[in-house]
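**Student:** Below is query-v3.txt; it holds compact mmCIF, C-alpha atoms and all ligand atoms.
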```txt
# COMPACT_ATOMS: atom_id res chain seq x y z
CA MET Y 1 11.05 -3.94 -15.27
CA ARG Y 2 8.53 -3.55 -12.45
CA LYS Y 3 5.84 -0.96 -13.14
CA LYS Y 4 5.84 1.67 -10.41
CA ILE Y 5 2.73 1.86 -8.24
CA ILE Y 6 1.62 5.03 -6.51
CA ALA Y 7 -1.26 4.56 -4.09
CA GLY Y 8 -3.07 7.24 -2.12
CA ASN Y 9 -4.28 6.14 1.31
CA TRP Y 10 -6.97 8.67 2.19
CA LYS Y 11 -7.37 7.14 5.66
CA MET Y 12 -10.32 8.55 7.67
CA ASN Y 13 -10.42 11.74 5.62
CA LYS Y 14 -13.06 13.25 3.35
CA THR Y 15 -16.82 12.84 3.20
CA VAL Y 16 -18.33 11.01 0.25
CA ALA Y 17 -18.87 14.35 -1.53
CA GLU Y 18 -15.28 15.45 -0.88
CA SER Y 19 -13.93 12.07 -2.01
CA ALA Y 20 -15.98 12.34 -5.19
CA GLN Y 21 -14.57 15.81 -5.82
CA LEU Y 22 -10.97 14.69 -5.34
CA ALA Y 23 -11.52 11.68 -7.59
CA THR Y 24 -13.12 13.87 -10.26
CA ASP Y 25 -10.21 16.33 -10.13
CA LEU Y 26 -7.66 13.52 -10.34
CA VAL Y 27 -9.37 11.93 -13.33
CA ALA Y 28 -9.37 15.29 -15.12
CA ALA Y 29 -5.71 15.92 -14.25
CA VAL Y 30 -4.40 12.59 -15.59
CA LYS Y 31 -6.67 12.39 -18.65
CA GLY Y 32 -4.61 11.83 -21.81
CA GLN Y 33 -1.30 12.12 -19.92
CA PRO Y 34 1.22 9.47 -21.04
CA TYR Y 35 2.79 9.37 -17.55
CA ALA Y 36 -0.52 8.17 -16.14
CA GLU Y 37 -0.30 5.00 -18.24
CA ALA Y 38 3.34 4.41 -17.29
CA VAL Y 39 2.55 4.15 -13.58
CA ASP Y 40 -0.16 2.24 -11.69
CA ILE Y 41 -2.22 4.85 -9.85
CA VAL Y 42 -4.47 3.76 -6.99
CA VAL Y 43 -6.76 5.69 -4.66
CA CYS Y 44 -7.99 4.21 -1.38
CA PRO Y 45 -10.92 6.22 0.00
CA THR Y 46 -13.00 5.28 3.05
CA PHE Y 47 -15.32 2.29 2.65
CA LEU Y 48 -18.25 4.68 2.53
CA ALA Y 49 -16.90 6.45 -0.57
CA LEU Y 50 -15.71 3.38 -2.51
CA ASP Y 51 -18.83 2.94 -4.59
CA ARG Y 52 -19.06 6.60 -5.58
CA VAL Y 53 -15.35 6.92 -6.38
CA SER Y 54 -15.50 3.67 -8.34
CA GLY Y 55 -18.05 5.18 -10.73
CA ILE Y 56 -15.98 8.33 -11.16
CA ILE Y 57 -12.66 6.64 -11.99
CA LYS Y 58 -14.21 4.06 -14.33
CA GLY Y 59 -12.54 4.26 -17.75
CA SER Y 60 -9.62 6.29 -16.36
CA PRO Y 61 -6.14 4.92 -15.58
CA ILE Y 62 -6.88 5.21 -11.83
CA LYS Y 63 -7.60 2.02 -9.90
CA LEU Y 64 -9.54 1.58 -6.68
CA GLY Y 65 -8.11 0.34 -3.39
CA ALA Y 66 -9.64 -0.33 0.03
CA GLN Y 67 -8.03 0.34 3.39
CA ASP Y 68 -8.76 -3.07 4.95
CA ALA Y 69 -10.89 -6.19 4.52
CA HIS Y 70 -12.18 -9.04 6.64
CA TRP Y 71 -11.31 -12.66 5.87
CA GLU Y 72 -14.87 -14.02 6.03
CA ASN Y 73 -17.43 -13.57 3.24
CA GLN Y 74 -20.32 -12.46 5.45
CA GLY Y 75 -21.88 -12.86 8.86
CA ALA Y 76 -21.81 -11.52 12.38
CA PHE Y 77 -18.74 -9.31 12.13
CA THR Y 78 -20.06 -5.89 13.11
CA GLY Y 79 -18.14 -3.03 11.53
CA LYS Y 80 -16.27 -5.19 9.02
CA ILE Y 81 -16.34 -5.34 5.22
CA SER Y 82 -15.76 -8.52 3.20
CA VAL Y 83 -13.56 -8.96 0.16
CA ASP Y 84 -16.68 -9.96 -1.83
CA MET Y 85 -18.22 -6.60 -1.04
CA LEU Y 86 -15.05 -4.78 -2.05
CA LYS Y 87 -14.89 -6.72 -5.30
CA ALA Y 88 -18.50 -5.80 -6.08
CA ALA Y 89 -17.59 -2.15 -5.54
CA GLY Y 90 -14.80 -2.36 -8.12
CA VAL Y 91 -11.83 -2.61 -5.76
CA THR Y 92 -8.55 -4.04 -7.11
CA TYR Y 93 -6.07 -3.41 -4.25
CA VAL Y 94 -6.48 -3.84 -0.49
CA ILE Y 95 -4.16 -2.26 2.08
CA LEU Y 96 -3.47 -4.75 4.90
CA GLY Y 97 -1.52 -4.49 8.14
CA HIS Y 98 -1.06 -0.73 8.05
CA SER Y 99 0.75 0.48 11.15
CA GLU Y 100 -2.28 2.48 12.33
CA PRO Y 101 -4.54 -0.59 12.72
CA ARG Y 102 -1.54 -2.49 14.07
CA THR Y 103 -0.71 0.06 16.75
CA LEU Y 104 -4.11 1.64 17.45
CA PHE Y 105 -6.62 -1.17 16.89
CA GLY Y 106 -4.79 -4.35 17.80
CA GLU Y 107 -4.25 -5.69 14.27
CA THR Y 108 -2.09 -8.82 14.51
CA ASP Y 109 0.30 -10.60 12.16
CA ALA Y 110 -2.05 -13.60 12.28
CA ASN Y 111 -5.01 -11.53 11.08
CA VAL Y 112 -2.92 -9.87 8.38
CA ASN Y 113 -2.09 -13.37 7.16
CA LYS Y 114 -5.76 -14.45 7.05
CA LYS Y 115 -6.68 -11.28 5.19
CA THR Y 116 -3.80 -11.66 2.73
CA LEU Y 117 -4.87 -15.23 1.92
CA LYS Y 118 -8.49 -14.18 1.47
CA VAL Y 119 -7.72 -11.16 -0.71
CA LEU Y 120 -5.54 -13.34 -2.97
CA ALA Y 121 -8.13 -16.13 -3.08
CA GLU Y 122 -10.67 -13.62 -4.38
CA GLY Y 123 -8.29 -12.39 -7.07
CA LEU Y 124 -7.55 -8.97 -5.56
CA ILE Y 125 -4.09 -7.62 -4.79
CA PRO Y 126 -2.98 -7.10 -1.20
CA ILE Y 127 -0.71 -4.22 -0.29
CA VAL Y 128 0.95 -5.71 2.79
CA CYS Y 129 2.36 -3.02 5.07
CA VAL Y 130 5.41 -3.65 7.22
CA GLY Y 131 7.75 -1.37 9.13
CA GLU Y 132 9.59 -0.72 12.36
CA THR Y 133 8.99 1.83 15.10
CA LEU Y 134 11.63 4.38 16.02
CA ALA Y 135 12.60 2.38 19.13
CA GLU Y 136 13.03 -0.74 16.98
CA ARG Y 137 15.22 1.13 14.47
CA GLU Y 138 17.31 2.60 17.28
CA GLY Y 139 17.55 -0.85 18.81
CA ASN Y 140 18.96 -2.14 15.48
CA ILE Y 141 16.16 -4.65 15.02
CA THR Y 142 14.56 -3.21 11.87
CA GLU Y 143 15.39 -6.28 9.78
CA LYS Y 144 14.16 -8.66 12.47
CA VAL Y 145 10.84 -6.79 12.79
CA VAL Y 146 10.26 -6.51 9.05
CA SER Y 147 11.25 -10.12 8.48
CA THR Y 148 8.81 -11.34 11.17
CA GLN Y 149 5.99 -9.29 9.64
CA VAL Y 150 6.66 -10.46 6.07
CA LYS Y 151 7.04 -14.12 7.02
CA ALA Y 152 3.83 -14.03 9.06
CA ALA Y 153 1.79 -12.27 6.36
CA TYR Y 154 2.92 -14.73 3.66
CA GLN Y 155 2.36 -17.97 5.60
CA GLY Y 156 0.60 -20.36 3.26
CA VAL Y 157 0.77 -17.98 0.28
CA SER Y 158 1.89 -19.83 -2.87
CA ALA Y 159 4.75 -18.55 -4.99
CA GLN Y 160 2.33 -17.86 -7.83
CA ASP Y 161 0.18 -15.66 -5.59
CA ALA Y 162 3.12 -14.05 -3.82
CA ALA Y 163 4.39 -12.75 -7.16
CA LYS Y 164 1.20 -10.68 -7.57
CA THR Y 165 1.42 -8.96 -4.21
CA VAL Y 166 2.64 -5.51 -3.27
CA ILE Y 167 4.55 -4.80 -0.06
CA ALA Y 168 4.62 -1.32 1.46
CA TYR Y 169 7.67 -0.67 3.60
CA GLU Y 170 6.48 2.03 5.96
CA PRO Y 171 8.78 2.95 8.84
CA VAL Y 172 6.30 3.86 11.58
CA TRP Y 173 8.46 6.83 12.63
CA ALA Y 174 8.04 8.35 9.17
CA ILE Y 175 4.26 8.05 8.84
CA GLY Y 176 2.50 11.38 9.12
CA THR Y 177 5.51 12.88 10.93
CA GLY Y 178 7.10 14.82 8.09
CA ARG Y 179 10.23 12.75 8.77
CA THR Y 180 11.14 10.65 5.73
CA ALA Y 181 13.58 7.77 5.53
CA SER Y 182 16.63 8.82 3.54
CA ASP Y 183 16.95 7.33 0.06
CA GLU Y 184 19.68 5.03 1.40
CA GLN Y 185 17.71 3.94 4.48
CA ALA Y 186 14.70 3.09 2.30
CA GLN Y 187 16.78 1.25 -0.30
CA ALA Y 188 18.57 -0.81 2.38
CA VAL Y 189 15.29 -2.14 3.83
CA HIS Y 190 13.69 -2.66 0.41
CA LYS Y 191 16.74 -4.67 -0.66
CA PHE Y 192 16.51 -6.67 2.54
CA ILE Y 193 12.83 -7.44 1.89
CA ARG Y 194 13.57 -8.53 -1.67
CA GLY Y 195 16.32 -10.80 -0.38
CA LEU Y 196 13.89 -12.29 2.11
CA LEU Y 197 11.32 -12.92 -0.65
CA SER Y 198 14.06 -14.59 -2.63
CA GLU Y 199 14.80 -16.91 0.30
CA LEU Y 200 11.10 -17.68 0.71
CA TYR Y 201 10.07 -18.01 -2.93
CA GLY Y 202 13.09 -17.80 -5.21
CA SER Y 203 14.48 -14.97 -7.23
CA SER Y 204 11.84 -14.70 -9.95
CA VAL Y 205 9.09 -14.09 -7.38
CA ALA Y 206 11.34 -11.67 -5.49
CA GLU Y 207 11.98 -9.74 -8.69
CA ALA Y 208 8.26 -9.58 -9.51
CA VAL Y 209 6.97 -8.24 -6.18
CA ARG Y 210 6.62 -4.48 -6.07
CA ILE Y 211 7.83 -2.85 -2.86
CA GLN Y 212 6.46 0.61 -2.16
CA TYR Y 213 7.93 3.09 0.28
CA GLY Y 214 5.55 4.93 2.60
CA GLY Y 215 6.19 7.60 5.19
CA SER Y 216 5.90 11.33 4.50
CA MET Y 217 6.57 10.89 0.79
CA LYS Y 218 5.86 14.13 -1.07
CA ALA Y 219 6.52 15.61 -4.48
CA GLU Y 220 9.78 17.14 -3.16
CA ASN Y 221 11.37 13.92 -1.89
CA ALA Y 222 9.70 11.39 -4.19
CA SER Y 223 12.19 11.29 -7.06
CA GLY Y 224 15.19 10.45 -4.86
CA LEU Y 225 13.30 7.61 -3.20
CA LEU Y 226 11.75 6.33 -6.43
CA LYS Y 227 15.15 6.24 -8.15
CA GLN Y 228 16.36 3.56 -5.74
CA PRO Y 229 16.62 0.20 -7.49
CA ASP Y 230 14.33 -1.63 -5.06
CA VAL Y 231 11.78 1.15 -4.50
CA ASP Y 232 8.88 0.41 -6.83
CA GLY Y 233 6.44 3.10 -5.82
CA GLY Y 234 4.87 4.84 -2.88
CA LEU Y 235 2.00 4.49 -0.44
CA ILE Y 236 1.04 8.06 0.25
CA GLY Y 237 -1.04 9.42 3.11
CA GLY Y 238 -1.15 13.18 3.64
CA ALA Y 239 0.18 14.14 0.21
CA SER Y 240 -2.53 12.10 -1.53
CA LEU Y 241 -5.31 14.32 -0.22
CA LYS Y 242 -4.63 17.15 -2.68
CA VAL Y 243 -4.47 16.81 -6.44
CA ASP Y 244 -1.27 18.82 -6.91
CA SER Y 245 0.82 17.03 -4.32
CA PHE Y 246 -0.38 13.57 -5.40
CA LEU Y 247 0.17 14.42 -9.04
CA GLY Y 248 3.71 15.61 -8.26
CA ILE Y 249 4.54 12.14 -6.89
CA ILE Y 250 2.92 10.39 -9.85
CA LYS Y 251 4.97 12.49 -12.23
CA ALA Y 252 8.15 11.75 -10.27
CA ALA Y 253 7.40 8.02 -10.60
C1 LIG Y 301 0.56 6.06 5.26
O1 LIG Y 301 -0.16 6.18 6.23
O2 LIG Y 301 0.48 5.04 4.56
C2 LIG Y 301 1.49 7.14 4.97
C3 LIG Y 301 2.55 6.86 4.30
O3 LIG Y 301 1.17 8.38 5.47
P1 LIG Y 301 1.99 9.75 5.20
O4 LIG Y 301 2.32 9.81 3.75
O5 LIG Y 301 1.05 10.83 5.63
O6 LIG Y 301 3.22 9.68 6.05
```
As structure tokens, what does this structure read like?
Ligand code: PEP

**Tutor:**
Amino acid sequence: MRKKIIAGNWKMNKTVAESAQLATDLVAAVKGQPYAEAVDIVVCPTFLALDRVSGIIKGSPIKLGAQDAHWENQGAFTGKISVDMLKAAGVTYVILGHSEPRTLFGETDANVNKKTLKVLAEGLIPIVCVGETLAEREGNITEKVVSTQVKAAYQGVSAQDAAKTVIAYEPVWAIGTGRTASDEQAQAVHKFIRGLLSELYGSSVAEAVRIQYGGSMKAENASGLLKQPDVDGGLIGGASLKVDSFLGIIKAA
């Protein structure tokens, strides 16, 4: 049985004070709740708020995630944050290859691969995001696109490390649009990804990897998606910014 993982990607939202407030409210809401132990809960604030949020969630069932990382430890990389720094701030999970950096900031499959290797080498868990655009889905190349992204991200990753990773299947056309993949559409791609992992690493690794769905997941549509046999959680954007909506998804999981 794979433990479900619900991660909130706060993106470029909330000041440090607002992030601290949301984290405080979440900690209070899940305190003593058995469902909070049954699911892995992750929040991914901005880099600026990581340290503060880390202190607030300490001792609670909530884990800390970052929204990106660089593959070098330190040096002349203006604007970047290293995995070492994230580790020191108490980060466990790192989102990599999200469609926003891919489409808006030139993130490449090659860089996602370097970051994945580095995050794993430092003992953190990458959440590797993959997904097709609307044009790619309509052109019937969803599997080709997703397969290229997964194969590139996992180049050089050992089976032992691959088993620890999380993949987020996020159809680009569903992110922040209010348009969600149907339960069947999500399950079909998740099953495809698991089959691909099986080809790459064998069935025990494929069965261990958790595959989240992301794209306008909310409390109202979460249970249908999360009931699918290959959907092991959610990566949540908009609905993770308020306690009630995020909590609704956690409870559904
Ligand atoms: C995301 O950006 O990872 C995401 C899934 O966003 P939203 O839930 O807002 O569609």

**Student:** Please report, as CSV, each residue of chain Y lying at most 10 Å from ligand LIG 301 (chain Y), together with the nearest pair of atoms and the separation in Å rounded to one decimal; use all atoms listed in the file, and order rows by chain and ascending residue number.

**Tutor:**
```
residue,atom,partner,partner_atom,distance
Y:Ala7,CA,Y:LIG301,O2,8.8
Y:Gly8,CA,Y:LIG301,O2,7.9
Y:Asn9,CA,Y:LIG301,O2,5.9
Y:Trp10,CA,Y:LIG301,O1,8.3
Y:Lys11,CA,Y:LIG301,O1,7.3
Y:Gln67,CA,Y:LIG301,O2,9.8
Y:Ile95,CA,Y:LIG301,O2,9.0
Y:His98,CA,Y:LIG301,O2,6.9
Y:Ser99,CA,Y:LIG301,O1,7.6
Y:Glu100,CA,Y:LIG301,O1,7.4
Y:Cys129,CA,Y:LIG301,O2,8.3
Y:Ala168,CA,Y:LIG301,O2,8.2
Y:Tyr169,CA,Y:LIG301,C3,9.1
Y:Glu170,CA,Y:LIG301,C3,6.4
Y:Pro171,CA,Y:LIG301,C3,8.6
Y:Val172,CA,Y:LIG301,O6,8.6
Y:Trp173,CA,Y:LIG301,O6,8.9
Y:Ala174,CA,Y:LIG301,O6,5.9
Y:Ile175,CA,Y:LIG301,O6,3.4
Y:Gly176,CA,Y:LIG301,O6,3.6
Y:Thr177,CA,Y:LIG301,O6,6.3
Y:Gly178,CA,Y:LIG301,O6,6.8
Y:Arg179,CA,Y:LIG301,O6,8.1
Y:Thr180,CA,Y:LIG301,O6,8.0
Y:Gln212,CA,Y:LIG301,C3,9.8
Y:Tyr213,CA,Y:LIG301,C3,7.7
Y:Gly214,CA,Y:LIG301,C3,4.0
Y:Gly215,CA,Y:LIG301,O6,3.7
Y:Ser216,CA,Y:LIG301,O6,3.5
Y:Met217,CA,Y:LIG301,O4,5.3
Y:Lys218,CA,Y:LIG301,O4,7.4
Y:Gly234,CA,Y:LIG301,C3,7.8
Y:Leu235,CA,Y:LIG301,O2,5.3
Y:Ile236,CA,Y:LIG301,O4,4.1
Y:Gly237,CA,Y:LIG301,O3,3.4
Y:Gly238,CA,Y:LIG301,O5,3.8
Y:Ala239,CA,Y:LIG301,O4,6.0
Y:Ser240,CA,Y:LIG301,O4,7.5
Y:Leu241,CA,Y:LIG301,O5,9.3
```

**Student:** Which residues come within 9 Å of Val53 (chain Y), counting only C-alpha atoms, excluding same-chain residues fewer than 6 positions away, as a VMD selection string?

**Tutor:** chain Y and resid 16 19 to 24 43 45 64

**Student:** Excluding Ile127 (chain Y) and residues on its chain fewer than 4 positions from it, collect all residues at most 7 Å away from it, counting only C-alpha atoms, and give them as a ChimeraX atom specification.

**Tutor:** /Y:93-96,165-168

**Student:** Grab the CA of Ala252 (chain Y) to CA of Ala222 (chain Y) distance for me, in Å with one decimal place.

**Tutor:**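 CA of Ala222 (chain Y) lies at a distance of 6.3 Å from CA of Ala252 (chain Y).
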
**Student:** From the set Y:Ala49, Y:Val189, Y:Ile141, Y:Val30, which residue has the shortest atom-to-atom contact distance to Met12 (chain Y), counting all atoms listed in the file?

**Tutor:**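 For Met12 (chain Y), the nearest of the candidates is Y:Ala49.
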
**Student:** Using only C-alpha atoms, which residues sit within 9 Å of region 203-206 of chain Y once same-chain residues fewer than 5 positions away are excluded, as a VMD selection string?

**Tutor:** chain Y and resid 159 to 160 162 to 164 193 to 198
